[in-house]
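So this one's query.txt, compact mmCIF, C-alpha atoms:
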# COMPACT_ATOMS: atom_id res chain seq x y z
CA MET A 1 -35.10 -65.24 40.31
CA ILE A 2 -34.58 -61.96 42.09
CA LYS A 3 -35.57 -58.92 40.02
CA THR A 4 -33.94 -55.56 40.62
CA VAL A 5 -36.23 -52.65 41.33
CA VAL A 6 -35.89 -49.63 39.12
CA HIS A 7 -36.02 -46.37 41.04
CA LEU A 8 -37.58 -43.53 39.11
CA THR A 9 -37.72 -39.86 40.01
CA VAL A 10 -40.67 -38.28 38.22
CA THR A 11 -40.93 -34.50 38.22
CA SER A 12 -44.01 -32.73 36.92
CA ALA A 13 -45.41 -29.18 36.87
CA ARG A 14 -48.48 -30.22 38.92
CA VAL A 15 -49.49 -33.10 41.14
CA LEU A 16 -50.20 -36.16 39.00
CA ASP A 17 -53.28 -38.22 39.59
CA ALA A 18 -53.25 -42.02 40.13
CA GLU A 19 -54.15 -42.78 36.52
CA GLU A 20 -51.20 -40.76 35.23
CA ARG A 21 -48.83 -42.36 37.72
CA ASN A 22 -49.95 -45.85 36.68
CA LYS A 23 -49.38 -45.02 33.05
CA ILE A 24 -45.87 -43.78 33.76
CA GLU A 25 -44.93 -46.78 35.86
CA SER A 26 -46.35 -49.29 33.36
CA VAL A 27 -44.40 -47.74 30.47
CA PHE A 28 -41.14 -47.97 32.35
CA ALA A 29 -41.88 -51.39 33.81
CA LYS A 30 -42.35 -52.68 30.24
CA LYS A 31 -39.25 -50.85 29.16
CA TYR A 32 -36.99 -52.37 31.82
CA ASP A 33 -38.96 -55.49 32.46
CA ASP A 34 -38.44 -54.84 36.16
CA PRO A 35 -40.63 -53.58 38.98
CA ILE A 36 -40.75 -49.81 39.39
CA ASP A 37 -40.41 -47.73 42.51
CA ALA A 38 -41.28 -44.15 41.63
CA GLU A 39 -40.81 -40.95 43.58
CA TYR A 40 -43.00 -38.00 42.47
CA LEU A 41 -41.85 -34.39 42.69
CA VAL A 42 -43.50 -31.13 41.63
CA ASP A 43 -41.64 -28.27 39.95
CA ASP A 44 -43.84 -25.64 38.31
CA SER A 45 -40.88 -24.24 36.36
CA LEU A 46 -41.35 -27.21 34.02
CA ILE A 47 -44.58 -25.45 32.89
CA GLY A 48 -46.04 -28.74 31.64
CA GLY A 49 -45.12 -32.36 30.81
CA ILE A 50 -42.81 -34.56 32.91
CA MET A 51 -39.17 -35.35 33.50
CA VAL A 52 -38.14 -38.89 34.48
CA PHE A 53 -34.75 -39.94 35.84
CA ASP A 54 -34.00 -43.66 36.20
CA GLY A 55 -30.59 -43.33 37.80
CA LYS A 56 -28.74 -43.28 34.47
CA THR A 57 -30.88 -41.53 31.88
CA VAL A 58 -32.99 -38.38 32.01
CA TYR A 59 -36.17 -38.48 29.95
CA ASN A 60 -37.14 -34.84 29.60
CA GLY A 61 -40.60 -34.27 28.20
CA SER A 62 -41.20 -30.96 29.93
CA VAL A 63 -42.56 -27.90 28.12
CA LYS A 64 -39.60 -25.96 29.48
CA SER A 65 -37.10 -28.25 27.71
CA LYS A 66 -39.09 -28.00 24.49
CA LEU A 67 -38.90 -24.20 24.69
CA GLU A 68 -35.16 -24.39 25.29
CA ARG A 69 -34.67 -26.67 22.29
CA LEU A 70 -36.74 -24.27 20.21
CA LYS A 71 -34.59 -21.39 21.41
CA GLU A 72 -31.44 -23.29 20.39
CA ARG A 73 -32.83 -24.10 16.97
CA LEU A 74 -33.87 -20.50 16.35
CA GLY A 75 -30.49 -19.29 17.54
CA ASP A 76 -28.64 -21.65 15.18
CA GLU A 77 -30.69 -20.76 12.09
CA LYS A 78 -28.94 -18.28 9.77
CA MET B 1 80.95 83.41 -67.14
CA THR B 2 80.79 80.41 -64.98
CA LEU B 3 84.51 79.81 -65.39
CA ASN B 4 85.22 83.40 -64.31
CA LEU B 5 83.06 82.98 -61.27
CA MET B 6 84.82 79.80 -60.40
CA ALA B 7 88.20 81.58 -60.80
CA ILE B 8 87.07 84.37 -58.50
CA MET B 9 85.99 81.78 -55.86
CA GLY B 10 89.28 79.95 -56.12
CA LEU B 11 87.69 76.78 -57.47
CA GLY B 12 89.29 74.89 -60.16
CA LEU B 13 88.01 71.95 -62.16
CA THR B 14 90.48 69.74 -60.43
CA LYS B 15 89.24 70.76 -57.03
CA ILE B 16 85.63 70.24 -58.05
CA ALA B 17 86.51 66.86 -59.50
CA LEU B 18 88.34 65.98 -56.31
CA HIS B 19 85.41 67.13 -54.24
CA LEU B 20 83.08 65.13 -56.40
CA LEU B 21 85.34 62.11 -56.12
CA ASN B 22 85.51 62.69 -52.41
CA PHE B 23 81.80 62.86 -52.25
CA ILE B 24 81.39 59.72 -54.27
CA ILE B 25 83.90 57.89 -52.10
CA LEU B 26 82.10 59.18 -49.06
CA LEU B 27 78.85 57.93 -50.48
CA VAL B 28 80.31 54.54 -51.19
CA ILE B 29 81.86 54.29 -47.77
CA ALA B 30 78.68 55.54 -46.17
CA GLY B 31 76.80 53.03 -48.24
CA PHE B 32 78.92 50.20 -46.90
CA LEU B 33 79.17 51.46 -43.32
CA VAL B 34 75.81 53.04 -42.87
CA TYR B 35 73.40 52.31 -45.65
CA LYS B 36 73.82 48.55 -45.87
CA PRO B 37 73.74 47.94 -42.08
CA MET B 38 70.83 50.30 -41.80
CA MET B 39 68.96 48.53 -44.54
CA LYS B 40 69.87 45.22 -43.02
CA LEU B 41 68.60 46.43 -39.71
CA ILE B 42 65.43 47.74 -41.28
CA ARG B 43 64.98 44.47 -43.17
CA THR B 44 65.55 42.48 -40.01
CA ARG B 45 63.10 44.60 -38.07
CA ARG B 46 60.61 44.33 -40.87
CA GLU B 47 61.02 40.55 -40.89
CA ASN B 48 60.64 40.42 -37.12
CA ALA B 49 57.57 42.57 -37.33
CA GLN B 50 56.19 40.37 -40.06
CA LYS B 51 56.94 37.31 -37.98
CA LEU B 52 55.20 38.88 -35.01
CA VAL B 53 52.19 39.67 -37.14
CA GLU B 54 52.15 36.13 -38.49
CA ASP B 55 52.52 34.69 -34.97
CA HIS B 56 49.78 36.96 -33.78
CA GLU B 57 47.52 35.89 -36.61
CA ALA B 58 48.32 32.23 -35.95
CA LYS B 59 47.48 32.73 -32.29
CA LEU B 60 44.30 34.52 -33.20
CA LYS B 61 43.35 31.63 -35.45
CA GLU B 62 44.23 29.13 -32.70
CA ALA B 63 42.17 31.10 -30.24
CA ALA B 64 39.29 31.18 -32.70
CA ASP B 65 39.60 27.41 -33.21
CA THR B 66 39.70 26.84 -29.45
CA LYS B 67 36.70 29.09 -29.02
CA ALA B 68 34.85 27.15 -31.69
CA GLN B 69 35.77 23.88 -29.94
CA TYR B 70 34.58 25.15 -26.59
CA GLU B 71 31.40 26.44 -28.15
CA THR B 72 30.83 22.99 -29.65
CA LEU B 73 31.53 21.35 -26.28
CA LEU B 74 29.23 23.81 -24.57
CA SER B 75 26.51 23.19 -27.10
CA ASP B 76 26.90 19.41 -26.68
CA ALA B 77 26.87 19.81 -22.92
CA GLU B 78 23.70 21.90 -23.09
CA LYS B 79 22.07 19.29 -25.31
CA GLU B 80 23.05 16.55 -22.91
CA ILE B 81 21.74 18.58 -19.98
CA ALA B 82 18.44 19.02 -21.82
CA VAL B 83 18.27 15.28 -22.55
CA ARG B 84 19.08 14.39 -18.93
CA LYS B 85 16.52 16.89 -17.67
CA ALA B 86 13.88 15.36 -19.92
CA GLU B 87 14.80 11.86 -18.73
CA ALA B 88 14.70 12.92 -15.10
CA ALA B 89 11.35 14.61 -15.59
CA LYS B 90 10.03 11.47 -17.27
CA GLU B 91 11.35 9.30 -14.44
CA ILE B 92 9.78 11.57 -11.84
CA ALA B 93 6.46 11.47 -13.69
CA GLU B 94 6.57 7.67 -13.93
CA ARG B 95 7.49 7.32 -10.27
CA SER B 96 4.69 9.68 -9.31
CA GLU B 97 2.26 7.58 -11.33
CA GLU B 98 3.52 4.40 -9.70
CA GLU B 99 3.26 5.93 -6.23
CA LEU B 100 -0.21 7.23 -7.03
CA ALA B 101 -1.28 3.80 -8.26
CA ALA B 102 0.20 2.17 -5.15
CA ALA B 103 -1.58 4.68 -2.91
CA LYS B 104 -4.86 4.07 -4.76
CA HIS B 105 -4.42 0.31 -4.42
CA LYS B 106 -3.68 0.67 -0.71
CA ALA B 107 -6.74 2.88 -0.29
CA ASN B 108 -8.88 0.31 -2.10
CA VAL B 109 -7.55 -2.47 0.12
CA ILE B 110 -8.35 -0.40 3.22
CA LEU B 111 -11.84 0.33 1.87
CA GLU B 112 -12.45 -3.34 1.13
CA GLN B 113 -11.24 -4.32 4.59
CA ALA B 114 -13.45 -1.67 6.15
CA ALA B 115 -16.43 -2.88 4.09
CA ALA B 116 -15.75 -6.48 5.16
CA GLU B 117 -15.51 -5.40 8.80
CA VAL B 118 -18.76 -3.47 8.49
CA GLU B 119 -20.42 -6.55 6.98
CA THR B 120 -19.08 -8.76 9.77
CA GLU B 121 -20.29 -6.31 12.38
CA LYS B 122 -23.66 -6.15 10.66
CA ILE B 123 -24.00 -9.94 10.75
CA ARG B 124 -22.88 -9.99 14.37
CA ALA B 125 -25.42 -7.31 15.23
CA VAL B 126 -28.17 -9.19 13.38
CA HIS B 127 -27.30 -12.39 15.25
CA ALA B 128 -27.28 -10.54 18.56
CA VAL B 129 -30.64 -8.94 17.83
CA LYS B 130 -31.99 -12.29 16.63
CA GLY B 131 -30.76 -13.93 19.81
CA GLU B 132 -32.46 -11.28 21.90
CA ILE B 133 -35.67 -11.64 19.90
CA VAL B 134 -35.59 -15.41 20.35
CA GLU B 135 -34.91 -14.96 24.05
CA ALA B 136 -37.80 -12.55 24.32
CA ALA B 137 -40.10 -14.84 22.28
CA VAL B 138 -39.25 -17.80 24.47
CA MET B 139 -39.80 -15.77 27.59
CA ILE B 140 -43.16 -14.61 26.29
CA ALA B 141 -44.07 -18.19 25.29
CA ASN B 142 -42.92 -19.30 28.74
CA GLY B 143 -45.15 -16.74 30.40
CA ILE B 144 -48.11 -17.54 28.19
CA LEU B 145 -47.80 -21.31 28.44
CA SER B 146 -47.34 -21.30 32.18
CA LYS B 147 -50.73 -19.58 32.44
CA GLU B 148 -52.52 -21.19 29.50
CA ILE B 149 -51.81 -24.94 29.69
CA SER B 150 -54.82 -26.73 31.06
CA VAL B 151 -54.77 -30.05 32.90
CA GLU B 152 -56.16 -31.81 29.84
CA GLU B 153 -53.51 -30.32 27.66
CA ASP B 154 -50.83 -31.27 30.16
CA LYS B 155 -52.17 -34.87 30.24
CA LYS B 156 -51.96 -34.94 26.45
CA ILE B 157 -48.35 -33.73 26.61
CA ILE B 158 -47.47 -36.42 29.14
CA ASP B 159 -49.20 -39.12 27.04
CA ASP B 160 -47.24 -38.05 23.97
CA CYS B 161 -43.97 -38.25 25.92
CA LEU B 162 -44.79 -41.69 27.28
CA LYS B 163 -45.68 -42.92 23.79
CA GLU B 164 -42.40 -41.63 22.43
CA TRP B 165 -40.34 -43.19 25.24
CA SER B 166 -42.07 -46.54 24.98
CA GLU B 167 -41.18 -46.78 21.31
CA LYS B 168 -37.46 -46.21 21.95
Hey, can you dump this file as structure tokens for me?
Amino acid sequence: MIKTVVHLTVTSARVLDAEERNKIESVFAKKYDDPIDAEYLVDDSLIGGIMVFDGKTVYNGSVKSKLERLKERLGDEK
Amino acid sequence: MTLNLMAIMGLGLTKIALHLLNFIILLVIAGFLVYKPMMKLIRTRRENAQKLVEDHEAKLKEAADTKAQYETLLSDAEKEIAVRKAEAAKEIAERSEEELAAAKHKANVILEQAAAEVETEKIRAVHAVKGEIVEAAVMIANGILSKEISVEEDKKIIDDCLKEWSEK
């Protein structure tokens, strides 16, 4: 049986070490039950955390997105 | 003596009697020709004068009655004028009160609208200021976090994200 490879684009605020990359790839491999092919990018505007894009869905765990959500929540409160 | 005197003057009793008779006849004739017409004329003139006086008095009375009527009409008219004046004054006063009340109501409506607008503007201003404060707070947090997050802390953040995504 031929398994499709899931292409991930992982963006982080700093260069991730091998241990971190393995963790990320194992989580998504279990999630999709498919082999993972990950591309790693660095964007310091994220401040911290990571952002993962699997071709369809964006998983945004960056500090920047958390701050933006906080800003929205504070702006909506009356 | 008298008889002698009469004889000297050539008067006799017959002549005197004739003169007297003449006189009486003259009187009678004068009475018929002059006295009676004159009296009739005087009576007629008196009657006419009386009639004139009576007519004059009747006219005076009529004039007095007419004057009294006009005075009554005038008095009634003055009373009616006074009543109408009072009614008009009352109507003007009522209208003034109504207009004053309407003006007051309008002023109150304007005041309420202005107060509502002020309140809306206040809320808008508060929201704007709040937005700016939030913006500033986030920017400050951004600045602080970008300097303060250590590698260990960043690893912890990543682990938390991975845990959350694996549970979904």
Report the distance between atom CA of B:Lys15 and atom CA of B:Leu27 in Å, rounded to one decimal place. 17.8 Å
Counting all atoms listed in the file, a student should be able to say which residues of chain A come within 6 Å of chain B; what is the right answer, written as a PyMOL selection string? chain A and resi 47-49+61+75
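What separates atom CA of A:Val15 from atom CA of A:Asn60 is a distance of 17.0 Å.
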Separating atom CA of B:Val118 from atom CA of B:Glu99, to the nearest tenth of an Å, is a gap of 28.1 Å
When you look at A:Thr57 with a cut-off of 12 Å (counting only C-alpha atoms), what residues show up, excluding the ones that are within fewer than 4 positions of it in the same chain? I need them as an mmCIF file with C-alpha atoms, keeping the file's coordinate frame.
data_model
loop_
_atom_site.group_PDB
_atom_site.id
_atom_site.type_symbol
_atom_site.label_atom_id
_atom_site.label_comp_id
_atom_site.auth_asym_id
_atom_site.auth_seq_id
_atom_site.Cartn_x
_atom_site.Cartn_y
_atom_site.Cartn_z
ATOM 1 C CA VAL A 6 -35.890 -49.630 39.120
ATOM 2 C CA HIS A 7 -36.020 -46.370 41.040
ATOM 3 C CA LEU A 8 -37.580 -43.530 39.110
ATOM 4 C CA THR A 9 -37.720 -39.860 40.010
ATOM 5 C CA MET A 51 -39.170 -35.350 33.500
ATOM 6 C CA VAL A 52 -38.140 -38.890 34.480
ATOM 7 C CA PHE A 53 -34.750 -39.940 35.840
ATOM 8 C CA TRP B 165 -40.340 -43.190 25.240
#
Set up a box along x, y and z of the file covering all listed atoms of stretch 28-34 of chain A, add 8 Å on every one of the six sides, and write the centre and edge lengths in Å to one decimal, as JSON.
{"center_x": -39.7, "center_y": -51.7, "center_z": 32.7, "size_x": 21.4, "size_y": 23.5, "size_z": 23.0}
Closest to A:Asp17 among A:Ser65, A:Leu46, A:Glu72, A:Tyr40, using only C-alpha atoms? A:Tyr40
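Minimum atom-to-atom distances from A:Lys66, A:Thr11, A:Val5, A:Val27 to A:Glu39 were compared using all atoms listed in the file, and the lowest value belongs to A:Thr11.
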Do a neighbour search on A:Asp33 at 12 Å with all atoms listed in the file, toss out local chain neighbours closer than 3 positions, and write the hits as a CSV table (one decimal) with C-alpha atoms, in the frame of the given file.
chain,number,residue,atom,x,y,z
A,3,LYS,CA,-35.6,-58.9,40.0
A,4,THR,CA,-33.9,-55.6,40.6
A,5,VAL,CA,-36.2,-52.6,41.3
A,6,VAL,CA,-35.9,-49.6,39.1
A,25,GLU,CA,-44.9,-46.8,35.9
A,26,SER,CA,-46.4,-49.3,33.4
A,27,VAL,CA,-44.4,-47.7,30.5
A,28,PHE,CA,-41.1,-48.0,32.4
A,29,ALA,CA,-41.9,-51.4,33.8
A,30,LYS,CA,-42.4,-52.7,30.2
A,36,ILE,CA,-40.8,-49.8,39.4
